Structures are given as structure tokens and as C-alpha cells.
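Engineer: Data: query04.cif, mmCIF, C-alpha atoms.
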```
data_model
loop_
_atom_site.group_PDB
_atom_site.id
_atom_site.type_symbol
_atom_site.label_atom_id
_atom_site.label_comp_id
_atom_site.auth_asym_id
_atom_site.auth_seq_id
_atom_site.Cartn_x
_atom_site.Cartn_y
_atom_site.Cartn_z
ATOM 1 C CA GLN U 1 0.234 7.550 -18.726
ATOM 2 C CA VAL U 2 1.045 6.214 -15.295
ATOM 3 C CA GLN U 3 -0.827 3.131 -14.199
ATOM 4 C CA LEU U 4 -0.862 1.296 -10.901
ATOM 5 C CA VAL U 5 -2.765 -1.976 -10.905
ATOM 6 C CA GLU U 6 -3.537 -3.836 -7.687
ATOM 7 C CA SER U 7 -4.312 -7.534 -7.512
ATOM 8 C CA GLY U 8 -4.614 -10.315 -4.962
ATOM 9 C CA GLY U 9 -7.659 -9.216 -3.042
ATOM 10 C CA GLY U 10 -10.372 -11.630 -2.022
ATOM 11 C CA LEU U 11 -12.277 -13.255 0.790
ATOM 12 C CA VAL U 12 -10.359 -14.724 3.712
ATOM 13 C CA GLN U 13 -11.269 -15.948 7.172
ATOM 14 C CA ALA U 14 -10.189 -14.105 10.284
ATOM 15 C CA GLY U 15 -6.678 -15.134 11.242
ATOM 16 C CA GLY U 16 -5.777 -15.862 7.652
ATOM 17 C CA SER U 17 -3.265 -14.292 5.297
ATOM 18 C CA LEU U 18 -3.329 -12.585 1.936
ATOM 19 C CA ARG U 19 -0.770 -10.966 -0.333
ATOM 20 C CA LEU U 20 -1.606 -7.970 -2.473
ATOM 21 C CA SER U 21 0.469 -6.869 -5.436
ATOM 22 C CA CYS U 22 0.667 -3.549 -7.222
ATOM 23 C CA THR U 23 2.295 -3.405 -10.627
ATOM 24 C CA ALA U 24 3.386 -0.016 -11.927
ATOM 25 C CA SER U 25 3.864 1.224 -15.446
ATOM 26 C CA LEU U 26 6.229 3.884 -14.134
ATOM 27 C CA ARG U 27 9.626 3.939 -15.811
ATOM 28 C CA THR U 28 10.895 5.650 -12.683
ATOM 29 C CA PHE U 29 9.207 3.279 -10.202
ATOM 30 C CA SER U 30 12.500 2.589 -8.471
ATOM 31 C CA THR U 31 12.858 6.265 -7.510
ATOM 32 C CA TYR U 32 9.420 6.596 -5.912
ATOM 33 C CA ALA U 33 8.289 5.944 -2.377
ATOM 34 C CA MET U 34 5.166 3.779 -2.430
ATOM 35 C CA GLY U 35 2.300 3.457 -0.029
ATOM 36 C CA TRP U 36 -0.738 1.362 0.753
ATOM 37 C CA PHE U 37 -4.048 2.826 1.872
ATOM 38 C CA ARG U 38 -7.450 1.319 2.547
ATOM 39 C CA GLN U 39 -10.993 2.561 2.611
ATOM 40 C CA SER U 40 -14.165 1.098 4.081
ATOM 41 C CA PRO U 41 -17.669 2.280 3.171
ATOM 42 C CA GLY U 42 -18.471 5.548 4.881
ATOM 43 C CA LYS U 43 -14.932 6.051 6.121
ATOM 44 C CA GLU U 44 -12.035 8.167 4.974
ATOM 45 C CA ARG U 45 -9.104 6.641 3.168
ATOM 46 C CA GLU U 46 -6.736 5.310 5.801
ATOM 47 C CA PHE U 47 -2.957 5.046 5.675
ATOM 48 C CA VAL U 48 -1.656 1.478 6.003
ATOM 49 C CA GLY U 49 2.064 1.841 5.386
ATOM 50 C CA ASN U 50 4.770 3.016 3.036
ATOM 51 C CA ILE U 51 8.188 2.030 1.770
ATOM 52 C CA ASP U 52 11.092 4.084 0.520
ATOM 53 C CA TRP U 53 12.495 3.893 -2.991
ATOM 54 C CA SER U 54 15.075 1.249 -2.122
ATOM 55 C CA GLY U 55 12.849 -1.016 -0.068
ATOM 56 C CA SER U 56 15.109 -0.687 2.967
ATOM 57 C CA ARG U 57 12.783 1.410 5.110
ATOM 58 C CA THR U 58 9.130 0.856 5.870
ATOM 59 C CA TYR U 59 6.629 2.627 8.081
ATOM 60 C CA TYR U 60 3.268 1.308 9.276
ATOM 61 C CA ALA U 61 0.086 2.486 10.885
ATOM 62 C CA ASP U 62 -0.279 1.235 14.450
ATOM 63 C CA SER U 63 -3.387 -0.709 13.474
ATOM 64 C CA VAL U 64 -1.388 -3.049 11.207
ATOM 65 C CA LYS U 65 2.083 -2.986 12.745
ATOM 66 C CA GLY U 66 3.392 -6.500 13.304
ATOM 67 C CA ARG U 67 0.730 -8.045 11.047
ATOM 68 C CA PHE U 68 1.370 -6.417 7.668
ATOM 69 C CA ALA U 69 4.606 -6.122 5.733
ATOM 70 C CA ILE U 70 5.377 -4.017 2.678
ATOM 71 C CA SER U 71 8.080 -4.919 0.201
ATOM 72 C CA ARG U 72 8.976 -4.077 -3.365
ATOM 73 C CA ASP U 73 10.794 -5.556 -6.320
ATOM 74 C CA ASN U 74 12.111 -2.685 -8.398
ATOM 75 C CA ALA U 75 13.264 -5.007 -11.163
ATOM 76 C CA LYS U 76 9.628 -6.055 -11.624
ATOM 77 C CA ASN U 77 8.092 -2.633 -10.916
ATOM 78 C CA THR U 78 5.990 -4.327 -8.263
ATOM 79 C CA LEU U 79 4.933 -3.435 -4.742
ATOM 80 C CA TYR U 80 3.624 -5.993 -2.254
ATOM 81 C CA LEU U 81 1.535 -6.004 0.889
ATOM 82 C CA GLU U 82 1.722 -9.180 2.940
ATOM 83 C CA MET U 83 -1.170 -9.338 5.386
ATOM 84 C CA SER U 84 -1.384 -11.876 8.176
ATOM 85 C CA SER U 85 -3.508 -12.400 11.283
ATOM 86 C CA LEU U 86 -6.293 -10.674 9.421
ATOM 87 C CA LYS U 87 -9.237 -9.286 11.335
ATOM 88 C CA PRO U 88 -12.772 -8.404 10.185
ATOM 89 C CA GLU U 89 -11.889 -4.740 10.700
ATOM 90 C CA ASP U 90 -9.235 -5.070 7.988
ATOM 91 C CA THR U 91 -12.063 -5.402 5.466
ATOM 92 C CA ALA U 92 -11.688 -2.569 2.944
ATOM 93 C CA VAL U 93 -10.707 -1.641 -0.566
ATOM 94 C CA TYR U 94 -6.910 -1.500 -0.613
ATOM 95 C CA TYR U 95 -5.096 1.011 -2.798
ATOM 96 C CA CYS U 96 -1.474 1.387 -3.731
ATOM 97 C CA ALA U 97 -0.101 4.867 -4.285
ATOM 98 C CA GLY U 98 3.093 6.398 -5.586
ATOM 99 C CA ASP U 99 4.930 9.447 -4.263
ATOM 100 C CA ARG U 100 7.437 11.177 -6.537
ATOM 101 C CA ALA U 101 9.576 11.860 -3.471
ATOM 102 C CA PRO U 102 11.696 8.823 -2.640
ATOM 103 C CA PHE U 103 11.758 8.526 1.138
ATOM 104 C CA GLY U 104 8.361 7.600 2.539
ATOM 105 C CA GLY U 105 8.241 7.469 6.313
ATOM 106 C CA PRO U 106 5.986 8.997 8.965
ATOM 107 C CA ARG U 107 5.697 12.362 7.221
ATOM 108 C CA ILE U 108 4.073 10.856 4.138
ATOM 109 C CA VAL U 109 0.835 9.417 5.497
ATOM 110 C CA ASN U 110 -1.872 11.584 3.926
ATOM 111 C CA PRO U 111 -3.515 10.627 0.644
ATOM 112 C CA TYR U 112 -2.996 14.092 -0.854
ATOM 113 C CA GLN U 113 0.764 13.612 -0.555
ATOM 114 C CA TYR U 114 0.706 10.840 -3.144
ATOM 115 C CA ASP U 115 0.754 11.508 -6.859
ATOM 116 C CA TYR U 116 -0.490 8.268 -8.422
ATOM 117 C CA TRP U 117 -3.176 5.785 -7.430
ATOM 118 C CA GLY U 118 -4.380 2.377 -8.405
ATOM 119 C CA GLN U 119 -8.027 1.434 -8.800
ATOM 120 C CA GLY U 120 -8.119 -0.640 -5.610
ATOM 121 C CA THR U 121 -8.707 -4.276 -4.737
ATOM 122 C CA GLN U 122 -11.315 -5.553 -2.294
ATOM 123 C CA VAL U 123 -10.238 -7.459 0.798
ATOM 124 C CA THR U 124 -12.982 -9.047 2.877
ATOM 125 C CA VAL U 125 -12.228 -10.768 6.168
ATOM 126 C CA SER U 126 -14.993 -12.952 7.531
ATOM 127 C CA SER U 127 -15.388 -13.660 11.227
#
```
Would you mind giving the structure from this file in C-alpha cells?
Structural biologist:
Amino acid sequence: QVQLVESGGGLVQAGGSLRLSCTASLRTFSTYAMGWFRQSPGKEREFVGNIDWSGSRTYYADSVKGRFAISRDNAKNTLYLEMSSLKPEDTAVYYCAGDRAPFGGPRIVNPYQYDYWGQGTQVTVSS
């Protein structure tokens, strides 16, 4: 059974930073593209960014470009989301997701394109 477990969420002041982690039980983690999404109450799940299987290519939503950075450590089966210059509008439940295809990029931005999901971790940014 595939499991993705997010951690690192919490409460932070506007302008602050936070790092989320996502640990995967996938034996084939290193062959998957991975993504981060977020969802606020009453809103649809929103694409944040993704990373290809190797970690060499990333793609971000305009709303987080320049503030968020995605990386991965395939030896540890772990995905990261470094968030800086946080804003109150970044408040959401953040989810990691795995795509069996390896490349990520701008064509893989819809939730239905991802095969595995974590349970989410809450990020709250206070003003």
C-alpha cells in the first residue's frame, strides 16, 4: 500500500518561513514526478508546484513563484516544500501527490493527473 505522509505544517507569521516534508513508502519513489497542492475551505484544490523524478526540473504556480521551492531526496524517499515570505493567503491544507509519470512540468497541474496523495498538513499564516 502506497503511503505519502506530510509533516512540518503549523502557524507562522506573515513574512515567515516554513518547510514541509512528504515521506513516501513507494519503492519506486525515485521514478515518480511529485507535486504539491493546497486547499482552503470552500475552494478547489490548487496546484502549487511539481518536480521531476530526478529533482532537476521544477515548475511553480505564479502565485508562489520566487517564494516557494520544491526539492527531493530520492535516497530518503522524501519530498520538500520550502516556503518563504509567507502571506495570509497561503493559509491552506497542503498536500503532496505522486504521479507515476516521471516528468512533471506545466502539463501536470491538475489533481486528477496524480495517482497518490497524502493526508495533508495545515499551514496557517497570521497577519
Engineer: So how many Å separate CA of Gly55 in chain U and CA of Arg38 in chain U, to one decimal?
Structural biologist: 20.6 Å
Engineer: Which distance in Å separates CA of Thr58 in chain U and CA of Asp99 in chain U, to one decimal?
Structural biologist: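 If I compute the distance from CA of Thr58 in chain U to CA of Asp99 in chain U, I get 13.9 Å.
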Engineer: To verify the selection step, state as a list in words which residues the PyMOL selection byres ((chain U and resi 77) around 10) yields on this input.
Structural biologist: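 Going through the file, the PyMOL selection byres ((chain U and resi 77) around 10) ends up selecting Leu4, Cys22, Thr23, Ala24, Ser25, Leu26, Arg27, Thr28, Phe29, Ser30, Arg72, Asp73, Asn74, Ala75, Lys76, Thr78 and Leu79 of chain U.
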Engineer: List every protein, DNA or RNA residue that has an atom no more than 10 Å from (-7.2, -2.1, 4.4) in the file's coordinate frame, counting all atoms listed in the file, and report them as a list in words.
Structural biologist: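 Residues with an atom at most 10 Å from (-7.2, -2.1, 4.4): Trp36, Phe37, Arg38, Gln39, Ser40, Arg45, Glu46, Phe47, Val48, Ser63, Val64, Met83, Leu86, Glu89, Asp90, Thr91, Ala92, Val93, Tyr94, Tyr95, Thr121, Gln122, Val123 and Thr124 of chain U.
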Engineer: Tell me, in Å to one decimal, how far CA of Tyr112 in chain U is from CA of Glu82 in chain U.
Structural biologist: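 Atom-to-atom, CA of Tyr112 in chain U and CA of Glu82 in chain U are spaced 24.0 Å apart.
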Engineer: U:Phe68, U:Tyr80, U:Tyr59, U:Phe103: which is nearest Glu6 in chain U, counting only C-alpha atoms?
Structural biologist: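 Of U:Phe68, U:Tyr80, U:Tyr59, U:Phe103, the one nearest Glu6 in chain U is U:Tyr80, counting only C-alpha atoms.
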Engineer: Give me the residues near Tyr60 in chain U as an MDAnalysis selection string, where near means some atom within 10 Å (using only C-alpha atoms) and where sequence neighbours in that chain fewer than 6 positions away do not count.
Structural biologist: chainID U and resid 35:36 47:51 66:70 105:106 109
Engineer: Can you pull out the residues contacting Ala101 in chain U? Cut-off 8 Å, using only C-alpha atoms, and skip same-chain residues under 3 positions away; I want them as a list of chain:residue names.
Structural biologist: U:Thr31, U:Tyr32, U:Ala33, U:Gly104
Engineer: U:Ala97, U:Val125, U:Lys65, U:Gly120: which is nearest Gly8 in chain U, counting all atoms listed in the file?
Structural biologist: U:Gly120
Engineer: Out of U:Arg57, U:Lys43, U:Arg107, U:Lys87, which residue has the shortest atom-to-atom distance to Val12 in chain U when counting all atoms listed in the file?
Structural biologist: U:Lys87
